[in-house]
$ cat run-v7.txt   # compact mmCIF, C-alpha atoms and all ligand atoms
# COMPACT_ATOMS: atom_id res chain seq x y z
CA MET A 1 -28.69 -24.69 -13.46
CA ALA A 2 -30.46 -24.53 -10.10
CA ALA A 3 -31.12 -27.68 -8.11
CA THR A 4 -34.81 -28.39 -7.91
CA THR A 5 -35.09 -30.77 -4.98
CA ALA A 6 -31.80 -30.68 -3.14
CA LEU A 7 -31.16 -33.26 -0.48
CA PHE A 8 -29.81 -30.80 2.08
CA ASN A 9 -30.97 -27.22 2.13
CA GLN A 10 -31.69 -24.55 4.63
CA VAL A 11 -35.28 -24.28 3.56
CA PRO A 12 -38.37 -25.01 5.61
CA GLN A 13 -39.20 -28.67 6.09
CA GLY A 14 -41.47 -30.05 3.41
CA GLU A 15 -40.68 -27.40 0.77
CA ARG A 16 -37.86 -29.31 -0.86
CA GLY A 17 -35.00 -31.63 -0.01
CA ASP A 18 -35.09 -34.86 1.89
CA LEU A 19 -32.54 -34.69 4.66
CA ASN A 20 -34.04 -33.14 7.72
CA VAL A 21 -32.03 -32.77 10.89
CA ASN A 22 -33.61 -31.27 14.01
CA GLY A 23 -36.42 -29.72 11.97
CA LYS A 24 -34.10 -28.09 9.43
CA GLN A 25 -32.68 -29.05 6.09
CA TYR A 26 -29.00 -28.62 5.40
CA GLN A 27 -26.17 -28.50 2.90
CA SER A 28 -22.79 -29.84 4.00
CA ILE A 29 -21.45 -26.27 3.68
CA TRP A 30 -23.37 -23.01 3.44
CA PHE A 31 -22.81 -19.27 3.64
CA ASP A 32 -24.97 -17.18 5.96
CA GLU A 33 -25.41 -13.80 4.26
CA ILE A 34 -26.76 -12.05 7.33
CA LEU A 35 -24.04 -13.19 9.72
CA ASP A 36 -21.29 -13.32 7.06
CA THR A 37 -20.34 -16.83 8.21
CA VAL A 38 -19.20 -20.02 6.49
CA ASN A 39 -20.85 -23.00 8.16
CA ILE A 40 -20.12 -26.73 7.88
CA ILE A 41 -21.42 -29.99 9.28
CA ASP A 42 -18.62 -31.47 11.42
CA GLN A 43 -18.35 -34.98 9.95
CA THR A 44 -15.92 -36.19 12.60
CA ARG A 45 -18.83 -36.05 15.08
CA LEU A 46 -21.39 -37.94 12.97
CA PRO A 47 -23.41 -40.07 13.43
CA HIS A 48 -23.42 -39.45 17.16
CA LYS A 49 -23.51 -35.65 17.30
CA PHE A 50 -24.82 -33.18 14.74
CA GLU A 51 -22.72 -30.03 15.04
CA THR A 52 -22.42 -27.14 12.60
CA PRO A 53 -19.33 -25.07 13.45
CA VAL A 54 -18.49 -21.77 11.79
CA LEU A 55 -15.17 -21.55 9.91
CA GLU A 56 -13.72 -18.28 11.16
CA ASP A 57 -10.53 -17.93 9.13
CA LEU A 58 -7.93 -19.55 6.87
CA ASP A 59 -6.55 -21.69 9.71
CA ALA A 60 -10.01 -23.06 10.47
CA ALA A 61 -10.65 -23.89 6.80
CA CYS A 62 -7.29 -25.73 6.55
CA HIS A 63 -7.93 -27.55 9.80
CA ALA A 64 -11.44 -28.60 8.68
CA ILE A 65 -10.02 -30.22 5.53
CA GLU A 66 -6.96 -31.79 7.19
CA SER A 67 -8.87 -33.20 10.16
CA MET A 68 -11.69 -34.38 7.85
CA GLN A 69 -14.42 -32.36 9.53
CA VAL A 70 -15.21 -31.97 5.84
CA ARG A 71 -14.13 -34.59 3.32
CA GLY A 72 -15.04 -35.99 -0.07
CA ALA A 73 -13.43 -34.63 -3.23
CA PRO A 74 -16.09 -32.14 -4.39
CA LEU A 75 -16.74 -30.79 -0.89
CA ILE A 76 -13.11 -30.10 -0.06
CA GLY A 77 -12.88 -28.11 -3.30
CA VAL A 78 -15.77 -25.88 -2.23
CA VAL A 79 -14.41 -25.55 1.31
CA ALA A 80 -11.04 -24.49 -0.10
CA ALA A 81 -12.78 -21.83 -2.21
CA TYR A 82 -14.52 -20.49 0.90
CA GLY A 83 -11.14 -20.72 2.66
CA MET A 84 -9.84 -18.21 0.12
CA TYR A 85 -12.67 -15.86 1.03
CA LEU A 86 -11.92 -16.21 4.75
CA ALA A 87 -8.20 -15.63 4.11
CA LEU A 88 -8.79 -12.50 2.04
CA ARG A 89 -11.35 -11.15 4.48
CA GLU A 90 -8.58 -11.28 7.11
CA ASN A 91 -5.86 -9.91 4.84
CA PRO A 92 -6.41 -9.28 1.12
CA GLN A 93 -2.63 -9.35 0.52
CA GLN A 94 -2.29 -13.08 1.30
CA VAL A 95 -3.52 -14.57 -2.00
CA ALA A 96 -0.41 -16.66 -2.73
CA ARG A 97 0.01 -17.81 0.87
CA ALA A 98 -3.63 -18.88 1.16
CA LEU A 99 -3.55 -20.73 -2.18
CA GLN A 100 -0.40 -22.54 -1.11
CA ARG A 101 -1.72 -23.48 2.34
CA LEU A 102 -5.10 -24.69 1.12
CA SER A 103 -3.69 -26.71 -1.76
CA ALA A 104 -1.37 -28.54 0.66
CA THR A 105 -4.17 -29.76 2.92
CA ARG A 106 -4.90 -33.00 1.04
CA PRO A 107 -2.99 -34.33 -1.99
CA THR A 108 -5.17 -36.86 -3.82
CA ALA A 109 -8.49 -35.23 -4.76
CA VAL A 110 -7.92 -33.03 -7.79
CA ASN A 111 -11.05 -30.94 -7.09
CA LEU A 112 -9.13 -29.04 -4.43
CA ARG A 113 -6.59 -27.77 -6.97
CA TRP A 114 -9.32 -27.23 -9.58
CA ALA A 115 -11.45 -25.11 -7.21
CA LEU A 116 -8.44 -23.04 -6.11
CA GLU A 117 -7.53 -22.41 -9.74
CA ARG A 118 -11.09 -21.17 -10.34
CA VAL A 119 -10.80 -18.73 -7.43
CA ALA A 120 -7.32 -17.61 -8.52
CA THR A 121 -8.67 -16.89 -12.01
CA ALA A 122 -11.59 -14.93 -10.53
CA LEU A 123 -9.08 -12.81 -8.58
CA GLU A 124 -7.00 -11.84 -11.60
CA GLY A 125 -6.97 -8.08 -12.08
CA VAL A 126 -9.27 -7.46 -9.07
CA ALA A 127 -8.40 -4.44 -6.88
CA VAL A 128 -7.01 -5.38 -3.46
CA GLU A 129 -10.02 -4.06 -1.55
CA MET A 130 -12.39 -6.15 -3.72
CA ARG A 131 -10.51 -9.46 -3.46
CA ALA A 132 -12.56 -10.91 -0.61
CA THR A 133 -15.81 -10.06 -2.42
CA ALA A 134 -14.55 -11.70 -5.62
CA ALA A 135 -13.42 -14.83 -3.77
CA LEU A 136 -16.79 -15.09 -2.04
CA ALA A 137 -18.63 -14.79 -5.36
CA ALA A 138 -16.44 -17.54 -6.85
CA ALA A 139 -17.00 -19.83 -3.84
CA ARG A 140 -20.75 -19.32 -4.00
CA GLU A 141 -20.75 -20.07 -7.70
CA LEU A 142 -18.78 -23.29 -7.12
CA GLU A 143 -21.24 -24.24 -4.38
CA ARG A 144 -24.26 -23.72 -6.68
CA GLU A 145 -22.59 -25.53 -9.56
CA ASP A 146 -21.73 -28.52 -7.40
CA ILE A 147 -25.36 -28.97 -6.38
CA ALA A 148 -26.57 -28.82 -9.99
CA VAL A 149 -23.78 -31.11 -11.25
CA CYS A 150 -24.46 -33.75 -8.59
CA GLU A 151 -28.16 -33.69 -9.34
CA ARG A 152 -27.45 -34.30 -13.04
CA ILE A 153 -25.06 -37.16 -12.17
CA GLY A 154 -27.92 -38.70 -10.21
CA GLU A 155 -30.34 -38.46 -13.13
CA HIS A 156 -27.92 -39.97 -15.65
CA GLY A 157 -27.02 -42.77 -13.26
CA ALA A 158 -30.66 -43.48 -12.45
CA THR A 159 -31.34 -44.07 -16.16
CA LEU A 160 -28.51 -46.62 -16.18
CA LEU A 161 -29.80 -48.34 -13.05
CA SER A 162 -33.37 -48.35 -14.37
CA GLU A 163 -32.10 -50.29 -17.40
CA LEU A 164 -30.28 -52.68 -15.08
CA TRP A 165 -33.47 -53.17 -13.06
CA GLU A 166 -35.49 -53.79 -16.24
CA SER A 167 -32.98 -56.43 -17.33
CA LYS A 168 -33.16 -58.26 -14.00
CA SER A 169 -35.27 -61.38 -14.42
CA ASP A 170 -36.08 -61.86 -10.73
CA LYS A 171 -37.87 -58.73 -9.56
CA SER A 172 -39.05 -60.25 -6.27
CA ALA A 173 -36.06 -58.69 -4.50
CA ALA A 174 -34.63 -55.19 -4.63
CA LEU A 175 -31.83 -53.91 -6.86
CA ASN A 176 -28.78 -54.66 -4.70
CA ILE A 177 -26.09 -52.00 -4.94
CA LEU A 178 -22.73 -52.12 -3.19
CA THR A 179 -20.95 -48.86 -2.33
CA HIS A 180 -17.63 -48.03 -0.71
CA CYS A 181 -16.79 -45.00 1.47
CA ASN A 182 -19.19 -42.04 1.41
CA ALA A 183 -19.86 -40.48 -1.96
CA GLY A 184 -23.05 -38.89 -0.74
CA ALA A 185 -24.38 -35.43 0.02
CA LEU A 186 -21.83 -35.24 2.84
CA ALA A 187 -18.99 -35.62 0.32
CA THR A 188 -20.33 -32.84 -1.91
CA VAL A 189 -22.40 -29.73 -1.19
CA ASP A 190 -25.61 -31.71 -1.67
CA TRP A 191 -26.93 -34.89 -3.35
CA GLY A 192 -23.54 -36.64 -3.65
CA THR A 193 -22.26 -38.58 -6.66
CA ALA A 194 -22.73 -42.35 -6.15
CA LEU A 195 -25.50 -41.74 -3.61
CA SER A 196 -27.16 -39.16 -5.86
CA VAL A 197 -27.59 -42.00 -8.37
CA ILE A 198 -29.16 -44.10 -5.63
CA TYR A 199 -31.51 -41.29 -4.45
CA LYS A 200 -32.64 -40.63 -8.00
CA THR A 201 -33.15 -44.35 -8.67
CA VAL A 202 -35.28 -44.67 -5.54
CA ALA A 203 -37.25 -41.58 -6.66
CA ARG A 204 -38.11 -43.45 -9.88
CA GLY A 205 -39.89 -46.08 -7.81
CA ILE A 206 -37.25 -48.81 -8.14
CA PRO A 207 -36.82 -50.87 -4.96
CA VAL A 208 -33.21 -50.45 -3.88
CA HIS A 209 -31.11 -52.03 -1.18
CA VAL A 210 -27.55 -50.82 -0.51
CA TRP A 211 -24.66 -52.87 0.86
CA VAL A 212 -22.50 -50.35 2.71
CA ASP A 213 -18.80 -51.18 3.16
CA GLU A 214 -17.71 -49.94 6.58
CA THR A 215 -14.57 -48.39 4.95
CA ARG A 216 -11.76 -48.79 7.41
CA PRO A 217 -9.98 -46.98 8.91
CA ARG A 218 -12.10 -43.79 9.07
CA ASN A 219 -15.35 -45.72 8.66
CA GLN A 220 -17.01 -43.27 6.30
CA GLY A 221 -19.38 -46.07 5.26
CA ALA A 222 -20.37 -47.13 8.76
CA ALA A 223 -20.61 -43.63 10.19
CA LEU A 224 -21.62 -41.38 7.28
CA THR A 225 -23.21 -43.43 4.49
CA CYS A 226 -25.40 -45.36 6.91
CA TRP A 227 -26.45 -42.09 8.58
CA GLU A 228 -27.17 -40.42 5.24
CA LEU A 229 -29.12 -43.35 3.78
CA ALA A 230 -31.18 -43.56 6.97
CA GLN A 231 -32.05 -39.83 6.72
CA HIS A 232 -33.23 -40.57 3.20
CA ALA A 233 -35.07 -43.77 4.20
CA VAL A 234 -33.08 -45.92 1.74
CA LYS A 235 -32.82 -49.60 2.78
CA HIS A 236 -29.24 -50.54 3.56
CA THR A 237 -27.07 -53.08 5.35
CA LEU A 238 -23.63 -52.42 6.80
CA ILE A 239 -20.96 -54.99 5.95
CA VAL A 240 -17.30 -55.37 6.84
CA ASP A 241 -14.93 -54.33 4.09
CA ASN A 242 -14.01 -57.88 3.17
CA ALA A 243 -17.58 -59.16 2.72
CA GLY A 244 -18.22 -57.78 -0.77
CA GLY A 245 -16.53 -60.61 -2.70
CA HIS A 246 -18.56 -63.25 -0.89
CA LEU A 247 -21.83 -61.37 -1.49
CA MET A 248 -21.00 -61.10 -5.18
CA GLN A 249 -20.30 -64.84 -5.44
CA GLN A 250 -23.68 -65.50 -3.84
CA GLY A 251 -25.55 -63.38 -6.42
CA LEU A 252 -26.44 -60.74 -3.84
CA VAL A 253 -24.95 -57.74 -5.65
CA ASP A 254 -26.40 -56.38 -8.93
CA CYS A 255 -23.88 -53.58 -9.32
CA CYS A 256 -21.29 -51.49 -7.49
CA ILE A 257 -21.26 -47.69 -7.49
CA VAL A 258 -18.47 -45.60 -6.00
CA GLY A 259 -17.18 -42.04 -6.29
CA SER A 260 -13.77 -40.82 -7.42
CA ASP A 261 -11.16 -38.44 -6.05
CA ARG A 262 -9.23 -38.26 -9.29
CA THR A 263 -9.82 -39.89 -12.67
CA THR A 264 -7.26 -39.90 -15.48
CA ILE A 265 -7.95 -39.13 -19.13
CA THR A 266 -7.58 -42.88 -19.75
CA GLY A 267 -10.33 -43.71 -17.24
CA ASP A 268 -8.26 -44.95 -14.28
CA VAL A 269 -10.10 -44.09 -11.08
CA CYS A 270 -8.58 -43.19 -7.73
CA ASN A 271 -10.94 -43.60 -4.79
CA LYS A 272 -10.92 -44.61 -1.13
CA ILE A 273 -8.56 -47.46 -0.26
CA GLY A 274 -10.28 -50.80 -0.92
CA THR A 275 -12.15 -49.66 -4.03
CA TYR A 276 -9.74 -51.59 -6.29
CA LEU A 277 -10.44 -54.89 -4.49
CA LYS A 278 -14.18 -54.39 -4.95
CA ALA A 279 -13.65 -53.73 -8.66
CA LEU A 280 -11.57 -56.91 -9.00
CA ALA A 281 -14.25 -58.97 -7.28
CA ALA A 282 -16.96 -57.36 -9.44
CA TYR A 283 -14.98 -58.15 -12.61
CA ASP A 284 -14.50 -61.77 -11.54
CA ASN A 285 -18.23 -62.11 -10.93
CA ASN A 286 -19.38 -60.27 -14.07
CA ILE A 287 -21.00 -57.49 -12.05
CA PRO A 288 -21.11 -53.91 -13.43
CA PHE A 289 -18.76 -51.52 -11.63
CA PHE A 290 -19.91 -47.90 -12.02
CA VAL A 291 -18.04 -44.77 -10.97
CA ALA A 292 -20.02 -41.54 -10.48
CA LEU A 293 -18.02 -38.32 -10.61
CA PRO A 294 -18.16 -34.68 -11.63
CA VAL A 295 -15.94 -33.72 -14.58
CA SER A 296 -14.03 -31.56 -12.08
CA SER A 297 -12.64 -34.84 -10.64
CA ILE A 298 -10.95 -35.68 -13.95
CA ASP A 299 -7.29 -34.80 -14.22
CA PHE A 300 -6.96 -34.46 -17.99
CA SER A 301 -3.17 -34.13 -17.62
CA LEU A 302 -2.69 -37.71 -16.36
CA SER A 303 -2.80 -40.98 -18.30
CA ASP A 304 -1.50 -43.52 -15.79
CA GLY A 305 -3.33 -43.45 -12.48
CA ILE A 306 -1.17 -46.05 -10.76
CA ARG A 307 2.08 -44.22 -11.45
CA GLU A 308 0.96 -40.61 -11.47
CA ILE A 309 -1.71 -39.99 -8.84
CA PRO A 310 -0.28 -38.98 -5.45
CA ILE A 311 -1.73 -41.25 -2.78
CA GLU A 312 -2.31 -39.61 0.59
CA GLN A 313 -0.79 -41.36 3.60
CA ARG A 314 -2.48 -40.52 6.85
CA ALA A 315 -1.68 -40.79 10.54
CA ALA A 316 -1.08 -44.21 12.12
CA ASP A 317 -3.60 -43.57 14.90
CA GLU A 318 -6.45 -43.77 12.36
CA VAL A 319 -5.58 -47.48 12.11
CA SER A 320 -4.52 -48.24 15.68
CA HIS A 321 -7.46 -46.45 17.32
CA PHE A 322 -11.18 -46.33 16.80
CA SER A 323 -13.89 -43.99 18.09
CA GLY A 324 -17.49 -44.46 19.14
CA ILE A 325 -19.90 -43.71 21.93
CA ASP A 326 -20.17 -45.55 25.20
CA GLU A 327 -23.38 -46.50 26.99
CA LYS A 328 -23.57 -43.03 28.54
CA GLY A 329 -23.48 -41.47 25.06
CA GLU A 330 -19.96 -40.11 25.58
CA LEU A 331 -17.59 -40.10 22.59
CA GLN A 332 -14.57 -42.30 23.34
CA THR A 333 -11.42 -43.24 21.44
CA LEU A 334 -9.77 -46.59 22.17
CA ARG A 335 -6.55 -48.22 21.01
CA MET A 336 -6.94 -51.77 19.65
CA THR A 337 -3.34 -52.57 18.67
CA PRO A 338 -0.12 -53.16 20.60
CA GLU A 339 1.47 -49.80 21.33
CA ASP A 340 4.53 -50.18 19.11
CA VAL A 341 3.03 -51.85 16.04
CA CYS A 342 4.28 -50.67 12.64
CA ILE A 343 1.39 -49.18 10.67
CA SER A 344 0.87 -48.11 7.07
CA ASN A 345 -2.18 -46.02 6.21
CA PHE A 346 -2.66 -45.32 2.51
CA GLY A 347 -5.89 -43.39 2.03
CA PHE A 348 -6.66 -44.23 -1.61
CA ASP A 349 -6.02 -46.76 -4.36
CA VAL A 350 -6.32 -46.78 -8.13
CA THR A 351 -8.79 -48.93 -10.05
CA PRO A 352 -7.55 -49.42 -13.62
CA ALA A 353 -9.95 -48.39 -16.39
CA ARG A 354 -10.30 -51.99 -17.61
CA LEU A 355 -12.25 -52.81 -14.41
CA VAL A 356 -14.66 -49.86 -14.74
CA THR A 357 -17.89 -50.64 -16.62
CA ARG A 358 -19.05 -47.03 -17.04
CA LEU A 359 -18.27 -43.54 -15.76
CA ILE A 360 -21.33 -41.48 -14.81
CA THR A 361 -20.79 -37.72 -15.05
CA GLU A 362 -23.03 -34.66 -15.24
CA GLN A 363 -22.48 -34.76 -19.01
CA GLY A 364 -23.77 -38.31 -19.33
CA VAL A 365 -22.56 -41.90 -19.15
CA CYS A 366 -19.37 -42.94 -20.95
CA ARG A 367 -16.80 -45.71 -21.17
CA ALA A 368 -13.61 -45.44 -19.14
CA ASN A 369 -11.22 -44.90 -22.03
CA ARG A 370 -9.22 -42.04 -23.53
CA LEU A 371 -11.50 -41.66 -26.53
CA GLU A 372 -14.65 -41.09 -24.48
CA VAL A 373 -13.15 -39.32 -21.43
CA SER A 374 -11.32 -36.77 -23.57
CA GLN A 375 -14.63 -35.80 -25.15
CA LEU A 376 -16.00 -34.54 -21.83
CA ALA A 377 -16.01 -30.74 -21.88
CA HIS A 378 -13.78 -29.14 -19.27
O1 LIG A 401 -10.91 -39.54 2.57
P1 LIG A 401 -12.25 -39.09 2.10
O2 LIG A 401 -13.36 -39.41 3.04
O3 LIG A 401 -12.23 -37.63 1.70
O4 LIG A 401 -12.48 -39.95 0.78
C1 LIG A 401 -13.66 -39.74 0.05
C2 LIG A 401 -13.82 -40.68 -1.07
O5 LIG A 401 -12.98 -41.51 -1.34
C3 LIG A 401 -15.03 -40.50 -1.92
O6 LIG A 401 -15.47 -41.71 -2.43
C4 LIG A 401 -14.67 -39.56 -3.07
O7 LIG A 401 -14.17 -38.35 -2.58
C5 LIG A 401 -15.82 -39.28 -3.95
S1 LIG A 401 -16.99 -38.29 -3.12
C6 LIG A 401 -18.19 -37.72 -4.05

$ encode --input "run-v7.txt" --output "structure tokens"
Amino acid sequence: MAATTALFNQVPQGERGDLNVNGKQYQSIWFDEILDTVNIIDQTRLPHKFETPVLEDLDAACHAIESMQVRGAPLIGVVAAYGMYLALRENPQQVARALQRLSATRPTAVNLRWALERVATALEGVAVEMRATAALAAARELEREDIAVCERIGEHGATLLSELWESKSDKSAALNILTHCNAGALATVDWGTALSVIYKTVARGIPVHVWVDETRPRNQGAALTCWELAQHAVKHTLIVDNAGGHLMQQGLVDCCIVGSDRTTITGDVCNKIGTYLKALAAYDNNIPFFVALPVSSIDFSLSDGIREIPIEQRAADEVSHFSGIDEKGELQTLRMTPEDVCISNFGFDVTPARLVTRLITEQGVCRANRLEVSQLAH
């Protein structure tokens, strides 16, 4: 299904889409047919610089995922698929090596493995000289599918949020939604998952205000979600990661919506570190906790998220250092800890199914339990 009004797109301003940067609309990854190039938005430079480097080869695709120039579960799957094209364009004999290298870039999001399996299947029985063409076709299909899937997630979620808005007795204020990390267009090809729900809810005329967790240590909330929501003119307020519980106790949060990097068949959800604490606080305050995800983020082979999902551990300098711009507009990185401090940097945590009110997928809204998750077609 084709997206009708994508958030990012390389189409003239005003035709469709909402995110406009320097007079152009974008996807977070796109293929240029004329130049035969794979292009990304470098998310390590946002919100200060908007740069769109070309991925030249397999090394560049691996580096983009590892360094988080691109991030977010659905997007890294699509980047990996394009990485296969770039690898086979260089050398069509390196199928196994490229699959192995790309799948090792990040361990937690299952979409990476899922997308690579799709490309591997598309390559079965293909003549050596046609491998790059077949990989490109598979990557482009995954890209198109991701846009359509995310748009459908948004529509299903907006119906849920419309019901929540209708049930709210005091309509003098907006619907207050708390989100963690960036599960927006930047984390997918377009639209996003959690943020797609928000964009579609806003499009239905419901007044929305978003509490954005800064999301230490990479600050995807502060840097990316705030930037994205501003491009889309959605009202939002940045908060420190520990503020959510207090806001919930004060009646200032109507629901939470987050994305997922991997969801088990039993409905356990693995997402950016800190998600679990938000779910606990939401549960304690009787606030709905929604998780928006494509079915490609479900690992139907797992039943116990806490024991079975591999949690990525990242470099210590993500915690000890922070980056920003100085008064001259120059990007700077500063250390804020003693030099020899011992650091642990787990990238994700698991929210048990019992804390999840509903899962929102492209196939509709369901409960986070084995009975309902196993019915999702995959
Ligand atoms: O480490 P990141 O930035 O790749 O983590 C991203 C998240 O945790 C997102 O919430 C998740 O991938 C869902 S994105 C649609």

$ closest_atom_pairs --input "run-v7.txt" --of "chain A" --to "ligand LIG 401 (chain A)" --cutoff "8 Å" --atoms "only C-alpha atoms and all ligand atoms" --output "CSV"
residue,atom,partner,partner_atom,distance
A:Met68,CA,A:LIG401,O3,7.0
A:Val70,CA,A:LIG401,O3,7.6
A:Arg71,CA,A:LIG401,O3,3.9
A:Gly72,CA,A:LIG401,O7,3.6
A:Ala73,CA,A:LIG401,O7,3.8
A:Pro74,CA,A:LIG401,C6,6.0
A:Leu75,CA,A:LIG401,C6,7.8
A:Ile76,CA,A:LIG401,O3,7.8
A:Ala109,CA,A:LIG401,O7,6.8
A:His180,CA,A:LIG401,O6,6.9
A:Cys181,CA,A:LIG401,O6,5.3
A:Asn182,CA,A:LIG401,O6,5.4
A:Ala183,CA,A:LIG401,S1,3.8
A:Gly184,CA,A:LIG401,C6,6.0
A:Ala185,CA,A:LIG401,C6,7.8
A:Ala187,CA,A:LIG401,S1,4.8
A:Thr188,CA,A:LIG401,C6,5.7
A:Gly192,CA,A:LIG401,C6,5.5
A:Thr193,CA,A:LIG401,C6,4.9
A:Ala194,CA,A:LIG401,C6,6.8
A:Arg218,CA,A:LIG401,O2,7.6
A:Gln220,CA,A:LIG401,O2,6.2
A:Val258,CA,A:LIG401,O6,6.1
A:Gly259,CA,A:LIG401,C5,3.9
A:Ser260,CA,A:LIG401,C5,4.3
A:Asp261,CA,A:LIG401,O7,4.6
A:Cys270,CA,A:LIG401,O5,7.9
A:Asn271,CA,A:LIG401,O5,4.5
A:Lys272,CA,A:LIG401,O5,3.7
A:Ile273,CA,A:LIG401,O5,7.5
A:Ala292,CA,A:LIG401,C6,7.7
A:Leu293,CA,A:LIG401,C6,6.6
A:Gly347,CA,A:LIG401,O1,6.3
A:Phe348,CA,A:LIG401,O5,6.9

$ residues_near_point --input "run-v7.txt" --point "(-10.3, -46.9, -23.4)" --cutoff "10 Å" --atoms "all atoms listed in the file" --output "list of chain:residue names"
A:Ile265, A:Thr266, A:Gly267, A:Asp268, A:Ala353, A:Arg354, A:Arg367, A:Ala368, A:Asn369, A:Arg370, A:Leu371, A:Glu372, A:Val373

$ closest_residue --input "run-v7.txt" --among "A:Leu247, A:Ile257, A:Ala223, A:Ile153" --to "Leu46 (chain A)" --atoms "all atoms listed in the file"
A:Ala223

$ residues_around --input "run-v7.txt" --residues "Ala281 (chain A)" --least-positions-apart "2" --cutoff "12 Å" --atoms "only C-alpha atoms" --output "list in words"
Leu178, Asn242, Ala243, Gly244, Gly245, His246, Leu247, Met248, Gln249, Gln250, Val253, Cys255, Cys256, Gly274, Thr275, Tyr276, Leu277, Lys278, Ala279, Tyr283, Asp284, Asn285, Asn286, Ile287, Pro288, Phe289, Thr351, Leu355 and Val356 of chain A

$ residues_near_point --input "run-v7.txt" --point "(-4.5, -41.0, 11.5)" --cutoff "10 Å" --atoms "all atoms listed in the file" --output "list in words"
Ser67, Pro217, Arg218, Gln313, Arg314, Ala315, Ala316, Asp317, Glu318, Val319, Ser320, His321, Ser344, Asn345 and Gly347 of chain A

$ atom_distance --input "run-v7.txt" --atom1 "CA of Ser301 (chain A)" --atom2 "CA of Val126 (chain A)"
28.7 Å

$ residues_around --input "run-v7.txt" --residues "His209 (chain A)" --least-positions-apart "2" --cutoff "12 Å" --atoms "only C-alpha atoms" --output "MDAnalysis selection string"
chainID A and resid 173:179 195 198:199 201:202 206:207 211:212 226 229:230 233:238 252:256

$ residues_around --input "run-v7.txt" --residues "His48 (chain A)" --least-positions-apart "4" --cutoff "10 Å" --atoms "only C-alpha atoms" --output "PyMOL selection string"
chain A and resi 43-44+223+227+324-325+329-331

$ write_last_selection --input "run-v7.txt" --atoms "C-alpha atoms" --output "PDB file, in the coordinates of the input"
ATOM      1  CA  GLN A  43     -18.350 -34.980   9.950  1.00  0.00           C
ATOM      2  CA  THR A  44     -15.920 -36.190  12.600  1.00  0.00           C
ATOM      3  CA  ALA A 223     -20.610 -43.630  10.190  1.00  0.00           C
ATOM      4  CA  TRP A 227     -26.450 -42.090   8.580  1.00  0.00           C
ATOM      5  CA  GLY A 324     -17.490 -44.460  19.140  1.00  0.00           C
ATOM      6  CA  ILE A 325     -19.900 -43.710  21.930  1.00  0.00           C
ATOM      7  CA  GLY A 329     -23.480 -41.470  25.060  1.00  0.00           C
ATOM      8  CA  GLU A 330     -19.960 -40.110  25.580  1.00  0.00           C
ATOM      9  CA  LEU A 331     -17.590 -40.100  22.590  1.00  0.00           C
TER      10      LEU A 331
END

$ closest_residue --input "run-v7.txt" --among "A:Glu228, A:Ala122, A:Gly77, A:Asp146" --to "Val21 (chain A)" --atoms "all atoms listed in the file"
A:Glu228

$ closest_residue --input "run-v7.txt" --among "A:Val189, A:Leu359, A:Ile239, A:Arg307" --to "Val210 (chain A)" --atoms "only C-alpha atoms"
A:Ile239

$ residues_around --input "run-v7.txt" --residues "Asn91 (chain A)" --least-positions-apart "4" --cutoff "12 Å" --atoms "all atoms listed in the file" --output "number ranges by chain"
A: 57-58, 84-87, 95-98, 128-132

$ closest_residue --input "run-v7.txt" --among "A:Arg204, A:Lys328, A:His156, A:Arg262" --to "Gln363 (chain A)" --atoms "all atoms listed in the file"
A:His156

$ residues_around --input "run-v7.txt" --residues "Asp32 (chain A)" --least-positions-apart "3" --cutoff "12 Å" --atoms "all atoms listed in the file" --output "number ranges by chain"
A: 10, 27, 29, 35-40, 54-55, 136, 140

$ atom_distance --input "run-v7.txt" --atom1 "CA of Ala120 (chain A)" --atom2 "CA of Ile360 (chain A)"
28.4 Å
